[in-house]
Amino acid sequence: MTTVALYNIKGGVGKTAGCVNLAYLAAEEGKNVLIWDLDPQGSASFYFSVEPGIKGGVRKLLAQEGSGLENSIRPTAYEQLYLLPADFSNRYLDVVIEETKQAKKKMKALLASLQGRFDYLFIDCPPGIGPLSEAIFAAADFVVLPSIPTTLSIRTYEMALAFFEENNLDPARIVAYFSMVDIRKNLHNETLAKYYKNKQFLRNYIPYLSTVEKMGSHLAPVAAFAPSSYAAQCYRDLWKELKKKTGI
Ligand SMILES: Nc1ncnc2c1ncn2[C@@H]1O[C@H](COP(=O)(O)OP(=O)(O)OP(=O)(O)O)[C@@H](O)[C@H]1O
Ligand SMILES: [Mg+2]
C-alpha cells in the first residue's frame, strides 16, 4: 500500500479537491483505494455524502494500533473507493498525538494494519503544522503539496521543505504541484516559470476552473460527473505524472 498525504500548512489551496480527485482516478484504474479524512471540517466526507463519525474517535484508533479500524471504513458510491470519515474529535488530534506515547510508531502501525487490503491510502490533511502533520510526514510515503502560485502560498512550500531538511526527513518525498492557476495573472505565470526551472514542481497543474468548484453541488469527483471536462483531464494528467515521478 502506498500512502499519499495531501498536505499544506496553508488553508484553501486545493488539498481536499486534489485528494478526492486523485483517489477517484486511482480507483477508476481498478485499484483498491481508501481516503482518510483527517480534517474536522469533513469536506472529503461531505463530497462522498458519508456521515462523519469514527467510533471512539481517532484517539481510540491510535490507542488500539489499528484494531477497530475496519468498523469505521465506509464504502462510497464508487467501486473500490472507500472512506475513513472525518470525526469532529479530529480537532483535538494535535493534542491526542502529543499525549500519546510513541505516536509516530502508532500511526505507522495504524497504517500498516491496512496493508494488503488497499493499494493506495490518500490522507486529506487539515491545514496547519503540528504533532499531527509530523506524524503524517513520518508515516506517509509521499506528501503531495498543492500550492497556488502566489508569494505567500509558495512560502509554505519552502517551509515544508525546510521542516523536512531540519528533521532529517527525505525532501524527495515532498511532491508539489500548482493549484488554482490563473495564467492571465502575471504573478502566476512568473511563479510557474521560476519553479519549473528548479524542477521542484510537477509540470502538470490544476487551473482555476468552475468544474472543480461544482464538486460541492454534484457531491462527486470531477471525473465522475464531468468525465470529458478539461478539469478531469487536468487531474488525469497530474495523476499520471505523479505516478511516473514517484514510481507509485
Ligand atoms: N482548481 C480549482 N478551481 C476552482 N476552485 C477550486 C479549485 N480547487 C479548489 N477549489 C475550490 O476552492 C475551495 C478550497 O478548496 P479545497 O477545499 O480543496 O482546499 P483545501 O486546501 O482542502 O482547504 P482547507 O485548508 O480548508 O482544507 C473549495 O471551495 C473548492 O471548491
Ligand atoms: Mg481540505
# chains A, B, ... in the order shown; residues from 1 in each chain; ligands from 1
$ residues_near_ligand --ligand "ligand 2" --cutoff "7 Å" --atoms "only C-alpha atoms and all ligand atoms" --output "count of residues only"
9
$ select_by_dssp --residues "region 36-205 of chain A" --states "alpha helix (DSSP H)" --output "PyMOL selection string"
chain A and resi 43-47+57-63+69-72+93-99+103-112+131-139+151-166+186-197
$ select_by_dssp --residues "region 86-179 of chain A" --states "strand (DSSP E or B)" --output "PyMOL selection string"
chain A and resi 115+118+120-124+142-147+174-179
$ write_last_selection --atoms "C-alpha atoms" --output "PDB file, in the first residue's frame"
ATOM      1  CA  GLN A 115      -1.630  -3.231   4.270  1.00  0.00           C
ATOM      2  CA  PHE A 118      -5.724  -1.302  -0.096  1.00  0.00           C
ATOM      3  CA  TYR A 120      -3.456   3.333  -2.020  1.00  0.00           C
ATOM      4  CA  LEU A 121      -4.274   5.358   1.061  1.00  0.00           C
ATOM      5  CA  PHE A 122      -4.923   9.044   0.415  1.00  0.00           C
ATOM      6  CA  ILE A 123      -4.923  11.232   3.534  1.00  0.00           C
ATOM      7  CA  ASP A 124      -6.746  14.551   3.419  1.00  0.00           C
ATOM      8  CA  PHE A 142       4.705  10.866  -0.214  1.00  0.00           C
ATOM      9  CA  VAL A 143       3.488  14.277   0.881  1.00  0.00           C
ATOM     10  CA  VAL A 144       1.709  15.865  -2.067  1.00  0.00           C
ATOM     11  CA  LEU A 145       1.533  19.605  -1.672  1.00  0.00           C
ATOM     12  CA  PRO A 146      -0.794  21.739  -3.784  1.00  0.00           C
ATOM     13  CA  SER A 147       0.259  25.362  -3.940  1.00  0.00           C
ATOM     14  CA  ILE A 174       7.508  16.084  -0.975  1.00  0.00           C
ATOM     15  CA  VAL A 175       5.906  16.411  -4.387  1.00  0.00           C
ATOM     16  CA  ALA A 176       4.411  19.812  -5.119  1.00  0.00           C
ATOM     17  CA  TYR A 177       2.030  20.926  -7.821  1.00  0.00           C
ATOM     18  CA  PHE A 178       0.396  24.206  -8.733  1.00  0.00           C
ATOM     19  CA  SER A 179      -3.266  24.543  -7.983  1.00  0.00           C
TER      20      SER A 179
END
$ closest_residue --among "A:Ser153, A:Gln41, A:Thr191, A:Gln200" --to "ligand 1" --atoms "only C-alpha atoms and all ligand atoms"
A:Gln41
$ residues_around --residues "Leu38 (chain A)" --least-positions-apart "5" --cutoff "10 Å" --atoms "only C-alpha atoms" --output "list in words"
Ser43, Ala44, Ser45, Val58, Leu84, Pro85, Ala86, Asp87, Phe88, Ser89, Asn90, Arg91, Leu93, Ile123, Asp124, Cys125, Pro126 and Leu132 of chain A
$ residues_around --residues "Ala224 (chain A)" --least-positions-apart "4" --cutoff "9 Å" --atoms "only C-alpha atoms" --output "list in words"
Tyr24, Ala220 and Ala232 of chain A
$ residues_around --residues "region 102-109 of chain A" --least-positions-apart "2" --cutoff "12 Å" --atoms "only C-alpha atoms" --output "PyMOL selection string"
chain A and resi 3+58-67+69+93-100+111-115+131-141
$ closest_residue --among "A:Ile206, A:Ala226, A:Val4, A:Val13" --to "Thr156 (chain A)" --atoms "only C-alpha atoms"
A:Val13
$ closest_residue --among "A:Pro207, A:Gly53, A:Gly130, A:Pro75" --to "ligand 1" --atoms "only C-alpha atoms and all ligand atoms"
A:Pro207
$ residues_around --residues "Ile129 (chain A)" --least-positions-apart "5" --cutoff "9 Å" --atoms "only C-alpha atoms" --output "ChimeraX atom specification"
/A:8-9,134,160
$ atom_distance --atom1 "CA of Leu22 (chain A)" --atom2 "CA of Gly56 (chain A)"
28.9 Å
